[in-house]
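Peer 1: I have a structure I would like to understand better, so I am pasting it below and will then ask my questions one at a time.
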Amino acid sequence: MKLPFSESYRIKMVEHIRRSTREEREEWIKDAHYNLFQLKSEQVFIDLLTDSGTGAMSDRQWSAMMLGDESYAGASSYYNMKSAIKDILGFDYFLPTHQGRAAENVLFSTILKEGDVVPGNSHFDTTKGHIEFRRCAAPDCTIDEAADTQLEIPFKGNMDPAKLEKILKETPHDKLPCVVLTVTNNTAGGQPVSMKNIKEVAALCKQYDVPLLMDSARFAENAYFIKQREEGYADKTIKEIVREMYQYADIMTMSSKKDAIVNMGGFVAFKSKDLWHRCQMFCIMNEGYITYGGMSGRDMNALAQGLDEGTEFDTLDSRIHQVAYLGAKLDEYGIPYQRPAGGHAIFLDAKKILTNVPKEEFIAQTLAVELYLEAGIRGVEIGSILADRDPVTRENRYPRLELLRLAIPRRTYTDNHMDVVAAAVKNVYDRRDSIKRGYVITAELPVMRHFTVELDKAK
Ligand code: F0G
């Protein structure tokens, strides 16, 4: 008999989580202004808000923390991180930052100026925020197929080379500081970018002499999908594929809270010594001295160890298997989500589930609240609240997709928890016709409003 799948780790420490009643949750979510970010974590039973910084570190990462060197300058932990970045990713230069958006801040403060254009494949919200805040444009060049949630293609995160080339051709060269390729493509559903597409995008960047930036939060998951799905990669190790991916990049920004499996940390890495040098000023001003930039020595050590573990096949296989497991359960119940299942999350297609709720009343947010009320499960809206208002007209933007993301932290929950999630989604799905109204905004910030937005029931 073929042995069934199992995780490549065992558990040495556990954390208690508390169930609640529906009455309690109704009270709590009202107090939180129907914004799940405003809930206390103890009011949540299964927390799928994000896979960022919420993973379980390994025994080796915890022991690396004890060896952290907290020297202000030139700490051994910095050099451990430097070696990992060189050996695994192939970059000679980097600046540590406290997380991914801080890496974006250091880089974009240096290379962006008002009026610039930064094309990408569904820029992540902080990336888009940093670009638009500087009065630059962030045109989306994701392939059209990504918007059809029921279409099953292997690399739905790809950038459309024709869309990219049009922008590169029509924009003056001095207004093009870089192209951003996000691997995996979080916003489009944790969908991977193929090596072929990476090569095509890199070739265009070369042709038009524009640096290629890879937003790399989930680069290892991307490499796993290349190994599983792209011809010619089945026999390569994840580390070999990762090295090949970064041959084509000039810069990488990294939120290490994802694929380096740490609770906090990030970096920006460069091929160019000159750019590294120019970025140092904003690192020192905003993060810290260039050999710690916003991170403690112990965190840099854990990150170095995490980069190594996070690029091992077994680690990724256990992780992505769990996401696929949840996807398969939802298939059993006929629930529509962005297909195929992504690397870090399942993205429920809220428009196909809550067909009675008008878009002006925030369909995906309505589904998020319903799932919380059902079972204390916290997901995150990837829809029109996240999309913010148009920076020029100040009108709400209504993206083609209204998704509820259920992001699965690494090595944190068991498949039994996934069974509970699937059953709760099914219960909401079964009563979908009775959900007719959503929410209205009562308070919001001008940029990245979704974290703090306040809502009330639409009447
Ligand atoms: N880029 C991508 C693709 C991301 O998914 C994130 C964060 C960032 C950059 C910013 O990194 O959080 O360390 O500052 N994504 C988290 C999420 C927050 O839930 O998807 P950060």
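Every chain in the structure tokens takes a letter, A first, then B, and so on in the order presented; its residues are numbered from 1, and the ligands are numbered from 1 following the presented order.
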What do you get as a short mmCIF file (atom, residue, chain, number, x, y, z; two decimals) with all heavy atoms, in the first residue's frame if you pick all residues at most 8 Å from ligand 1, counting only C-alpha atoms and all ligand atoms?
Peer 2:
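Contents of the output file result25.cif:
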data_model
loop_
_atom_site.label_atom_id
_atom_site.label_comp_id
_atom_site.auth_asym_id
_atom_site.auth_seq_id
_atom_site.Cartn_x
_atom_site.Cartn_y
_atom_site.Cartn_z
N LEU A 49 -6.13 35.45 8.96
CA LEU A 49 -5.99 36.84 8.50
C LEU A 49 -4.78 36.96 7.58
O LEU A 49 -4.82 37.63 6.57
CB LEU A 49 -5.82 37.76 9.71
CG LEU A 49 -5.75 39.25 9.43
CD1 LEU A 49 -7.08 39.79 8.96
CD2 LEU A 49 -5.31 40.00 10.68
N THR A 50 -3.71 36.32 7.97
CA THR A 50 -2.48 36.41 7.17
C THR A 50 -1.56 35.25 7.48
O THR A 50 -1.64 34.63 8.55
CB THR A 50 -1.75 37.74 7.44
OG1 THR A 50 -0.56 37.78 6.64
CG2 THR A 50 -1.36 37.90 8.89
N ASP A 51 -0.67 34.98 6.54
CA ASP A 51 0.41 34.01 6.76
C ASP A 51 1.70 34.77 7.03
O ASP A 51 2.78 34.21 6.92
CB ASP A 51 0.58 33.13 5.51
CG ASP A 51 0.98 33.95 4.29
OD1 ASP A 51 0.50 35.10 4.14
OD2 ASP A 51 1.81 33.47 3.49
N SER A 52 1.58 36.04 7.37
CA SER A 52 2.76 36.90 7.50
C SER A 52 3.17 37.04 8.95
O SER A 52 2.45 37.65 9.76
CB SER A 52 2.42 38.28 6.93
OG SER A 52 3.53 39.13 7.04
N GLY A 53 4.30 36.44 9.30
CA GLY A 53 4.80 36.54 10.68
C GLY A 53 4.04 35.66 11.64
O GLY A 53 4.25 35.73 12.85
N HIS A 98 12.95 46.22 8.84
CA HIS A 98 12.15 45.52 9.85
C HIS A 98 11.06 44.65 9.23
O HIS A 98 10.60 43.70 9.83
CB HIS A 98 11.60 46.49 10.90
CG HIS A 98 10.45 47.33 10.44
ND1 HIS A 98 10.62 48.54 9.82
CD2 HIS A 98 9.12 47.13 10.51
CE1 HIS A 98 9.43 49.05 9.54
NE2 HIS A 98 8.51 48.22 9.93
N GLN A 99 10.61 44.96 8.01
CA GLN A 99 9.71 44.05 7.29
C GLN A 99 9.69 44.44 5.81
O GLN A 99 10.51 45.27 5.38
CB GLN A 99 8.33 43.99 7.92
CG GLN A 99 7.55 45.29 7.98
CD GLN A 99 6.23 45.10 8.73
OE1 GLN A 99 6.19 45.17 9.93
NE2 GLN A 99 5.15 44.87 8.00
N GLY A 100 8.79 43.84 5.04
CA GLY A 100 8.81 44.03 3.59
C GLY A 100 8.54 45.46 3.16
O GLY A 100 9.20 46.00 2.28
N ARG A 101 7.53 46.08 3.78
CA ARG A 101 7.17 47.44 3.34
C ARG A 101 8.26 48.43 3.67
O ARG A 101 8.39 49.47 3.03
CB ARG A 101 5.82 47.84 3.95
CG ARG A 101 5.83 48.02 5.43
CD ARG A 101 4.44 47.94 6.01
NE ARG A 101 3.88 46.60 5.91
CZ ARG A 101 2.65 46.27 6.24
NH1 ARG A 101 1.82 47.18 6.67
NH2 ARG A 101 2.23 45.02 6.14
N ALA A 102 9.07 48.11 4.68
CA ALA A 102 10.19 48.98 5.02
C ALA A 102 11.27 48.86 3.94
O ALA A 102 11.93 49.85 3.60
CB ALA A 102 10.75 48.60 6.39
N ALA A 103 11.42 47.67 3.39
CA ALA A 103 12.34 47.48 2.27
C ALA A 103 11.87 48.30 1.08
O ALA A 103 12.65 48.97 0.39
CB ALA A 103 12.42 46.00 1.91
N GLU A 104 10.54 48.29 0.86
CA GLU A 104 9.97 49.09 -0.24
C GLU A 104 10.23 50.57 0.01
O GLU A 104 10.57 51.33 -0.91
CB GLU A 104 8.45 48.86 -0.33
CG GLU A 104 8.09 47.44 -0.76
CD GLU A 104 6.61 47.10 -0.51
OE1 GLU A 104 5.87 47.94 0.04
OE2 GLU A 104 6.21 45.97 -0.86
N HIS A 123 0.38 44.59 -8.02
CA HIS A 123 1.20 45.08 -6.90
C HIS A 123 0.50 44.80 -5.58
O HIS A 123 -0.70 45.04 -5.45
CB HIS A 123 1.38 46.60 -6.97
CG HIS A 123 1.85 47.12 -8.29
ND1 HIS A 123 1.06 47.15 -9.41
CD2 HIS A 123 3.03 47.68 -8.66
CE1 HIS A 123 1.71 47.70 -10.40
NE2 HIS A 123 2.92 48.01 -9.99
N PHE A 124 1.25 44.34 -4.60
CA PHE A 124 0.68 44.20 -3.25
C PHE A 124 0.29 45.58 -2.73
O PHE A 124 0.81 46.59 -3.19
CB PHE A 124 1.69 43.52 -2.32
CG PHE A 124 1.12 43.33 -0.94
CD1 PHE A 124 0.05 42.47 -0.75
CD2 PHE A 124 1.62 44.03 0.15
CE1 PHE A 124 -0.51 42.31 0.52
CE2 PHE A 124 1.06 43.87 1.41
CZ PHE A 124 0.00 43.02 1.60
N ASP A 125 -0.65 45.62 -1.78
CA ASP A 125 -1.20 46.93 -1.37
C ASP A 125 -0.17 47.89 -0.79
O ASP A 125 -0.24 49.09 -1.04
CB ASP A 125 -2.42 46.79 -0.46
CG ASP A 125 -2.20 45.90 0.73
OD1 ASP A 125 -1.40 44.97 0.61
OD2 ASP A 125 -2.84 46.12 1.77
N THR A 126 0.81 47.39 -0.03
CA THR A 126 1.82 48.33 0.50
C THR A 126 2.72 48.82 -0.64
O THR A 126 3.17 49.97 -0.64
CB THR A 126 2.70 47.70 1.60
OG1 THR A 126 3.39 46.57 1.06
CG2 THR A 126 1.89 47.29 2.80
N THR A 127 2.97 47.95 -1.61
CA THR A 127 3.80 48.35 -2.75
C THR A 127 3.08 49.43 -3.54
O THR A 127 3.66 50.48 -3.85
CB THR A 127 4.04 47.12 -3.68
OG1 THR A 127 4.26 45.97 -2.87
CG2 THR A 127 5.21 47.34 -4.60
N THR A 182 5.92 40.29 -8.81
CA THR A 182 5.63 39.75 -7.48
C THR A 182 5.48 38.24 -7.57
O THR A 182 4.63 37.73 -8.32
CB THR A 182 4.35 40.41 -6.92
OG1 THR A 182 4.52 41.82 -6.94
CG2 THR A 182 4.07 39.97 -5.50
N VAL A 183 6.32 37.54 -6.81
CA VAL A 183 6.33 36.06 -6.83
C VAL A 183 6.16 35.54 -5.40
O VAL A 183 6.91 35.92 -4.54
CB VAL A 183 7.65 35.53 -7.44
CG1 VAL A 183 7.74 35.86 -8.92
CG2 VAL A 183 8.88 36.07 -6.73
N THR A 184 5.16 34.68 -5.19
CA THR A 184 3.98 34.48 -6.00
C THR A 184 3.13 35.75 -6.02
O THR A 184 3.35 36.65 -5.23
CB THR A 184 3.08 33.34 -5.43
OG1 THR A 184 2.71 33.70 -4.08
CG2 THR A 184 3.82 32.02 -5.37
N ASN A 185 2.18 35.76 -6.94
CA ASN A 185 1.28 36.90 -7.07
C ASN A 185 0.19 36.78 -6.00
O ASN A 185 -0.77 36.04 -6.16
CB ASN A 185 0.70 36.88 -8.49
CG ASN A 185 -0.17 38.07 -8.79
OD1 ASN A 185 -0.79 38.64 -7.90
ND2 ASN A 185 -0.23 38.44 -10.05
N ASN A 186 0.39 37.49 -4.91
CA ASN A 186 -0.50 37.40 -3.75
C ASN A 186 -1.91 37.83 -4.11
O ASN A 186 -2.88 37.09 -3.93
CB ASN A 186 0.09 38.28 -2.63
CG ASN A 186 -0.74 38.28 -1.36
OD1 ASN A 186 -1.74 37.59 -1.24
ND2 ASN A 186 -0.32 39.08 -0.39
N THR A 187 -2.02 39.04 -4.66
CA THR A 187 -3.34 39.63 -4.88
C THR A 187 -4.19 38.83 -5.86
O THR A 187 -5.41 38.79 -5.76
CB THR A 187 -3.17 41.09 -5.36
OG1 THR A 187 -2.20 41.71 -4.51
CG2 THR A 187 -4.46 41.86 -5.29
N ASP A 215 9.40 41.36 -6.06
CA ASP A 215 8.79 41.41 -4.74
C ASP A 215 8.64 39.96 -4.32
O ASP A 215 7.84 39.21 -4.88
CB ASP A 215 7.45 42.14 -4.84
CG ASP A 215 6.72 42.17 -3.50
OD1 ASP A 215 7.21 41.54 -2.54
OD2 ASP A 215 5.66 42.80 -3.43
N SER A 216 9.43 39.55 -3.32
CA SER A 216 9.76 38.13 -3.16
C SER A 216 9.18 37.44 -1.95
O SER A 216 9.65 36.37 -1.57
CB SER A 216 11.28 38.01 -3.10
OG SER A 216 11.86 38.58 -4.26
N ALA A 217 8.15 38.02 -1.32
CA ALA A 217 7.64 37.48 -0.06
C ALA A 217 7.47 35.95 -0.11
O ALA A 217 7.85 35.25 0.82
CB ALA A 217 6.31 38.16 0.27
N ARG A 218 6.95 35.43 -1.22
CA ARG A 218 6.68 33.99 -1.30
C ARG A 218 7.42 33.35 -2.48
O ARG A 218 6.88 32.53 -3.21
CB ARG A 218 5.16 33.77 -1.38
CG ARG A 218 4.43 34.37 -0.17
CD ARG A 218 2.95 34.23 -0.21
NE ARG A 218 2.31 34.89 0.93
CZ ARG A 218 2.00 36.20 0.98
NH1 ARG A 218 2.26 36.98 -0.06
NH2 ARG A 218 1.45 36.72 2.06
N THR A 253 12.92 42.87 -3.05
CA THR A 253 12.45 43.28 -1.72
C THR A 253 11.84 42.04 -1.10
O THR A 253 11.21 41.22 -1.77
CB THR A 253 11.39 44.39 -1.81
OG1 THR A 253 10.43 44.06 -2.81
CG2 THR A 253 12.02 45.73 -2.13
N MET A 254 12.05 41.88 0.20
CA MET A 254 11.63 40.65 0.85
C MET A 254 10.92 40.93 2.17
O MET A 254 11.46 41.62 3.03
CB MET A 254 12.87 39.78 1.10
CG MET A 254 12.60 38.49 1.84
SD MET A 254 11.65 37.33 0.81
CE MET A 254 11.37 36.01 1.99
N SER A 255 9.72 40.40 2.28
CA SER A 255 9.08 40.32 3.58
C SER A 255 9.41 38.94 4.12
O SER A 255 8.83 37.94 3.71
CB SER A 255 7.57 40.47 3.44
OG SER A 255 6.97 40.11 4.67
N SER A 256 10.36 38.86 5.03
CA SER A 256 10.83 37.56 5.52
C SER A 256 9.82 36.87 6.41
O SER A 256 10.02 35.72 6.81
CB SER A 256 12.14 37.74 6.28
OG SER A 256 13.04 38.44 5.49
N LYS A 257 8.72 37.57 6.70
CA LYS A 257 7.67 37.02 7.55
C LYS A 257 6.88 35.92 6.85
O LYS A 257 6.05 35.26 7.46
CB LYS A 257 6.71 38.15 7.95
CG LYS A 257 7.43 39.28 8.67
CD LYS A 257 6.61 40.55 8.76
CE LYS A 257 5.48 40.39 9.76
NZ LYS A 257 4.80 41.69 9.99
N LYS A 258 7.15 35.75 5.56
CA LYS A 258 6.46 34.69 4.83
C LYS A 258 7.43 33.52 4.64
O LYS A 258 7.62 32.71 5.51
CB LYS A 258 5.95 35.20 3.48
CG LYS A 258 4.70 36.06 3.58
CD LYS A 258 4.99 37.49 3.86
CE LYS A 258 3.83 38.41 3.64
NZ LYS A 258 4.12 39.77 4.11
N MET A 264 9.22 38.55 12.34
CA MET A 264 9.46 39.93 11.93
C MET A 264 10.77 39.98 11.16
O MET A 264 11.72 39.29 11.53
CB MET A 264 9.51 40.83 13.17
CG MET A 264 9.47 42.31 12.90
SD MET A 264 8.13 42.86 11.82
CE MET A 264 6.74 42.89 12.92
N GLY A 265 10.81 40.80 10.12
CA GLY A 265 12.08 40.96 9.40
C GLY A 265 11.88 41.09 7.90
O GLY A 265 10.85 40.70 7.36
N GLY A 266 12.88 41.69 7.26
CA GLY A 266 12.83 41.83 5.82
C GLY A 266 14.17 42.34 5.32
O GLY A 266 15.10 42.53 6.10
N ALA A 407 -5.75 32.90 4.51
CA ALA A 407 -4.29 32.65 4.44
C ALA A 407 -3.90 31.69 5.55
O ALA A 407 -4.30 31.86 6.70
CB ALA A 407 -3.53 33.97 4.58
#
Peer 1: So which residues touch Glu42 (chain A) within 9 Å, counting only C-alpha atoms, skipping near sequence neighbours fewer than 4 positions away, as a compact mmCIF listing (two decimals) with N, CA and C atoms, in the first residue's frame?
Peer 2:
# COMPACT_ATOMS: atom_id res chain seq x y z
N ILE A 17 -6.05 27.70 21.93
CA ILE A 17 -6.94 28.65 21.27
C ILE A 17 -8.36 28.43 21.80
N ARG A 18 -9.13 29.51 21.84
CA ARG A 18 -10.42 29.47 22.54
C ARG A 18 -11.58 29.56 21.56
N ARG A 19 -12.55 28.69 21.74
CA ARG A 19 -13.80 28.80 20.98
C ARG A 19 -14.68 29.86 21.61
Peer 1: Write out, as JSON lines, each residue of region 243-323 of chain A that has an atom at most 8 Å from region 192-208 of chain A, together with the closest pair of atoms and their distance in Å to one decimal, counting only C-alpha atoms, rows going by chain and rising number.
Peer 2:
{"residue": "A:Met245", "atom": "CA", "partner": "A:Met195", "partner_atom": "CA", "distance": 6.8}
{"residue": "A:Tyr248", "atom": "CA", "partner": "A:Ala202", "partner_atom": "CA", "distance": 5.9}
{"residue": "A:Ala249", "atom": "CA", "partner": "A:Ala202", "partner_atom": "CA", "distance": 7.2}
Peer 1: With C-alpha atoms retained, export the selected residues as a PDB file, in the first residue's frame.
Peer 2:
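Printed below is out22.pdb as written:
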ATOM      1  CA  MET A 245      14.843  32.851 -10.715  1.00  0.00           C
ATOM      2  CA  TYR A 248      17.032  37.511 -13.853  1.00  0.00           C
ATOM      3  CA  ALA A 249      16.424  40.067 -11.078  1.00  0.00           C
TER       4      ALA A 249
END
Peer 1: If I take CA of Asp415 (chain A) and CA of Leu330 (chain A), how far is one from the other in Å, to one decimal?
Peer 2: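 Computing the Euclidean distance for CA of Asp415 (chain A) and CA of Leu330 (chain A) yields 13.2 Å.
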Peer 1: Return as a PyMOL selection string the full set of residues in region 263-444 of chain A whose backbone-based DSSP assignment is strand (DSSP E or B).
Peer 2: chain A and resi 266-270+337+345-349+377-378+380-382+389+396+403-407+439-443
Peer 1: Need the shell around region 292-297 of chain A: protein/DNA/RNA residues with any atom at most 12 Å away, counting only C-alpha atoms. Skip same-chain ones fewer than 2 positions apart. Format as a PyMOL selection string?
Peer 2: chain A and resi 64-82+94-103+106+256+262-268+279-290+299-304
Peer 1: Of the candidates A:Ala422, A:Val118, A:Leu181, A:Leu168, which one gets nearest to Gly327 (chain A) if we count only C-alpha atoms?
Peer 2: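 The shortest atom-to-atom distance to Gly327 (chain A) comes from A:Ala422.
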Peer 1: Would you give me, as a ChimeraX atom specification, the residues in region 36-229 of chain A that DSSP reads as helix (DSSP H, G or I)?
Peer 2: /A:36-38,41-43,59-66,76-89,100-111,125-133,144-147,161-170,173-175,195-207,219-229
Peer 1: Which residue gives the smallest distance to Asn416 (chain A) among A:Tyr93, A:Phe270, A:Tyr325, A:Tyr372, with only C-alpha atoms counted?
Peer 2: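 Closest to Asn416 (chain A) of all the choices is A:Tyr325.
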Peer 1: If you count only C-alpha atoms, which residues fall within 10 Å of Val425 (chain A), apart from same-chain ones fewer than 2 positions away, as a tab-separated table (two decimals) with all heavy atoms, in the first residue's frame?
Peer 2:
chain	number	residue	atom	x	y	z
A	330	LEU	N	-13.25	22.22	-0.12
A	330	LEU	CA	-14.21	23.20	-0.65
A	330	LEU	C	-14.78	22.70	-1.98
A	330	LEU	O	-15.96	22.92	-2.28
A	330	LEU	CB	-13.54	24.57	-0.82
A	330	LEU	CG	-13.08	25.23	0.48
A	330	LEU	CD1	-12.36	26.54	0.18
A	330	LEU	CD2	-14.25	25.49	1.43
A	333	TYR	N	-17.70	20.57	-1.48
A	333	TYR	CA	-18.92	21.31	-1.14
A	333	TYR	C	-19.36	22.25	-2.27
A	333	TYR	O	-20.31	22.99	-2.11
A	333	TYR	CB	-18.71	22.12	0.15
A	333	TYR	CG	-18.28	21.30	1.34
A	333	TYR	CD1	-17.40	21.81	2.29
A	333	TYR	CD2	-18.75	19.99	1.53
A	333	TYR	CE1	-16.99	21.05	3.39
A	333	TYR	CE2	-18.34	19.23	2.62
A	333	TYR	CZ	-17.46	19.77	3.54
A	333	TYR	OH	-17.06	19.02	4.61
A	335	ILE	N	-17.87	24.95	-3.51
A	335	ILE	CA	-17.70	26.37	-3.21
A	335	ILE	C	-16.69	27.01	-4.16
A	335	ILE	O	-15.58	26.50	-4.33
A	335	ILE	CB	-17.28	26.53	-1.74
A	335	ILE	CG1	-18.50	26.16	-0.88
A	335	ILE	CG2	-16.82	27.95	-1.43
A	335	ILE	CD1	-18.22	25.75	0.48
A	348	LEU	N	-11.68	32.85	-1.61
A	348	LEU	CA	-13.08	32.57	-1.96
A	348	LEU	C	-13.59	33.65	-2.90
A	348	LEU	O	-13.32	34.83	-2.71
A	348	LEU	CB	-13.94	32.54	-0.70
A	348	LEU	CG	-13.58	31.49	0.36
A	348	LEU	CD1	-14.49	31.65	1.58
A	348	LEU	CD2	-13.69	30.08	-0.19
A	367	LEU	N	-18.82	38.79	3.33
A	367	LEU	CA	-18.53	37.36	3.50
A	367	LEU	C	-17.57	37.14	4.67
A	367	LEU	O	-17.72	36.19	5.45
A	367	LEU	CB	-17.94	36.80	2.19
A	367	LEU	CG	-17.70	35.30	2.16
A	367	LEU	CD1	-18.99	34.51	2.38
A	367	LEU	CD2	-17.06	34.89	0.82
A	370	GLU	N	-19.53	37.31	7.85
A	370	GLU	CA	-20.38	36.11	7.99
A	370	GLU	C	-19.57	34.90	8.45
A	370	GLU	O	-20.02	34.13	9.29
A	370	GLU	CB	-21.10	35.79	6.67
A	370	GLU	CG	-22.20	36.76	6.31
A	370	GLU	CD	-23.34	36.81	7.33
A	370	GLU	OE1	-23.63	35.78	7.97
A	370	GLU	OE2	-23.92	37.90	7.50
A	371	LEU	N	-18.38	34.73	7.89
A	371	LEU	CA	-17.56	33.56	8.27
A	371	LEU	C	-17.08	33.69	9.72
A	371	LEU	O	-17.01	32.70	10.45
A	371	LEU	CB	-16.38	33.41	7.31
A	371	LEU	CG	-15.54	32.15	7.49
A	371	LEU	CD1	-16.37	30.89	7.30
A	371	LEU	CD2	-14.35	32.14	6.53
A	372	TYR	N	-16.79	34.90	10.11
A	372	TYR	CA	-16.41	35.11	11.52
A	372	TYR	C	-17.59	34.78	12.44
A	372	TYR	O	-17.43	34.07	13.43
A	372	TYR	CB	-15.94	36.57	11.73
A	372	TYR	CG	-15.68	36.84	13.19
A	372	TYR	CD1	-14.58	36.24	13.83
A	372	TYR	CD2	-16.55	37.61	13.96
A	372	TYR	CE1	-14.37	36.44	15.20
A	372	TYR	CE2	-16.34	37.80	15.31
A	372	TYR	CZ	-15.25	37.22	15.92
A	372	TYR	OH	-15.04	37.39	17.27
A	374	GLU	N	-19.99	32.83	11.88
A	374	GLU	CA	-20.30	31.41	11.79
A	374	GLU	C	-19.42	30.58	12.74
A	374	GLU	O	-19.92	29.71	13.44
A	374	GLU	CB	-20.09	30.94	10.34
A	374	GLU	CG	-20.42	29.50	10.07
A	374	GLU	CD	-21.91	29.17	10.25
A	374	GLU	OE1	-22.74	30.04	9.98
A	374	GLU	OE2	-22.20	28.04	10.70
A	375	ALA	N	-18.12	30.86	12.76
A	375	ALA	CA	-17.24	29.94	13.51
A	375	ALA	C	-16.00	30.61	14.11
A	375	ALA	O	-15.08	29.92	14.53
A	375	ALA	CB	-16.80	28.81	12.57
A	377	ILE	N	-13.78	32.33	12.55
A	377	ILE	CA	-12.66	32.26	11.61
A	377	ILE	C	-12.43	33.65	11.03
A	377	ILE	O	-13.37	34.31	10.60
A	377	ILE	CB	-12.96	31.24	10.49
A	377	ILE	CG1	-13.07	29.84	11.11
A	377	ILE	CG2	-11.88	31.29	9.40
A	377	ILE	CD1	-13.81	28.86	10.25
A	419	ASP	N	-10.62	21.30	8.22
A	419	ASP	CA	-11.97	20.71	8.12
A	419	ASP	C	-13.01	21.65	8.72
A	419	ASP	O	-14.11	21.79	8.19
A	419	ASP	CB	-12.01	19.36	8.85
A	419	ASP	CG	-11.22	18.28	8.11
A	419	ASP	OD1	-10.93	18.47	6.91
A	419	ASP	OD2	-10.91	17.25	8.74
A	420	VAL	N	-12.65	22.26	9.85
A	420	VAL	CA	-13.59	23.20	10.50
A	420	VAL	C	-13.83	24.40	9.58
A	420	VAL	O	-14.97	24.84	9.39
A	420	VAL	CB	-13.03	23.67	11.87
A	420	VAL	CG1	-13.90	24.78	12.46
A	420	VAL	CG2	-12.91	22.50	12.83
A	421	VAL	N	-12.75	24.91	8.99
A	421	VAL	CA	-12.88	26.07	8.09
A	421	VAL	C	-13.81	25.72	6.93
A	421	VAL	O	-14.75	26.46	6.61
A	421	VAL	CB	-11.49	26.50	7.56
A	421	VAL	CG1	-11.64	27.59	6.50
A	421	VAL	CG2	-10.59	26.98	8.70
A	422	ALA	N	-13.57	24.56	6.31
A	422	ALA	CA	-14.38	24.17	5.15
A	422	ALA	C	-15.86	24.02	5.53
A	422	ALA	O	-16.74	24.48	4.81
A	422	ALA	CB	-13.84	22.87	4.56
A	423	ALA	N	-16.10	23.41	6.69
A	423	ALA	CA	-17.50	23.22	7.13
A	423	ALA	C	-18.17	24.57	7.40
A	423	ALA	O	-19.34	24.77	7.04
A	423	ALA	CB	-17.54	22.34	8.38
A	427	ASN	N	-21.47	26.17	5.61
A	427	ASN	CA	-22.68	26.64	6.31
A	427	ASN	C	-23.08	28.03	5.83
A	427	ASN	O	-24.26	28.30	5.63
A	427	ASN	CB	-22.46	26.64	7.82
A	427	ASN	CG	-22.38	25.22	8.37
A	427	ASN	OD1	-22.74	24.26	7.67
A	427	ASN	ND2	-21.91	25.09	9.60
A	428	VAL	N	-22.09	28.91	5.63
A	428	VAL	CA	-22.41	30.25	5.12
A	428	VAL	C	-22.95	30.12	3.69
A	428	VAL	O	-23.95	30.75	3.33
A	428	VAL	CB	-21.16	31.17	5.14
A	428	VAL	CG1	-21.47	32.51	4.46
A	428	VAL	CG2	-20.67	31.40	6.57
A	429	TYR	N	-22.30	29.26	2.90
A	429	TYR	CA	-22.71	29.05	1.51
A	429	TYR	C	-24.17	28.57	1.45
A	429	TYR	O	-24.96	29.04	0.63
A	429	TYR	CB	-21.77	28.03	0.86
A	429	TYR	CG	-21.92	27.90	-0.63
A	429	TYR	CD1	-21.65	28.97	-1.47
A	429	TYR	CD2	-22.30	26.68	-1.21
A	429	TYR	CE1	-21.78	28.85	-2.84
A	429	TYR	CE2	-22.42	26.55	-2.58
A	429	TYR	CZ	-22.16	27.64	-3.41
A	429	TYR	OH	-22.28	27.52	-4.76
A	430	ASP	N	-24.53	27.66	2.37
A	430	ASP	CA	-25.89	27.10	2.35
A	430	ASP	C	-26.94	28.16	2.66
A	430	ASP	O	-28.09	28.03	2.23
A	430	ASP	CB	-26.00	25.94	3.35
A	430	ASP	CG	-25.26	24.70	2.84
A	430	ASP	OD1	-24.89	24.69	1.65
A	430	ASP	OD2	-25.05	23.77	3.64
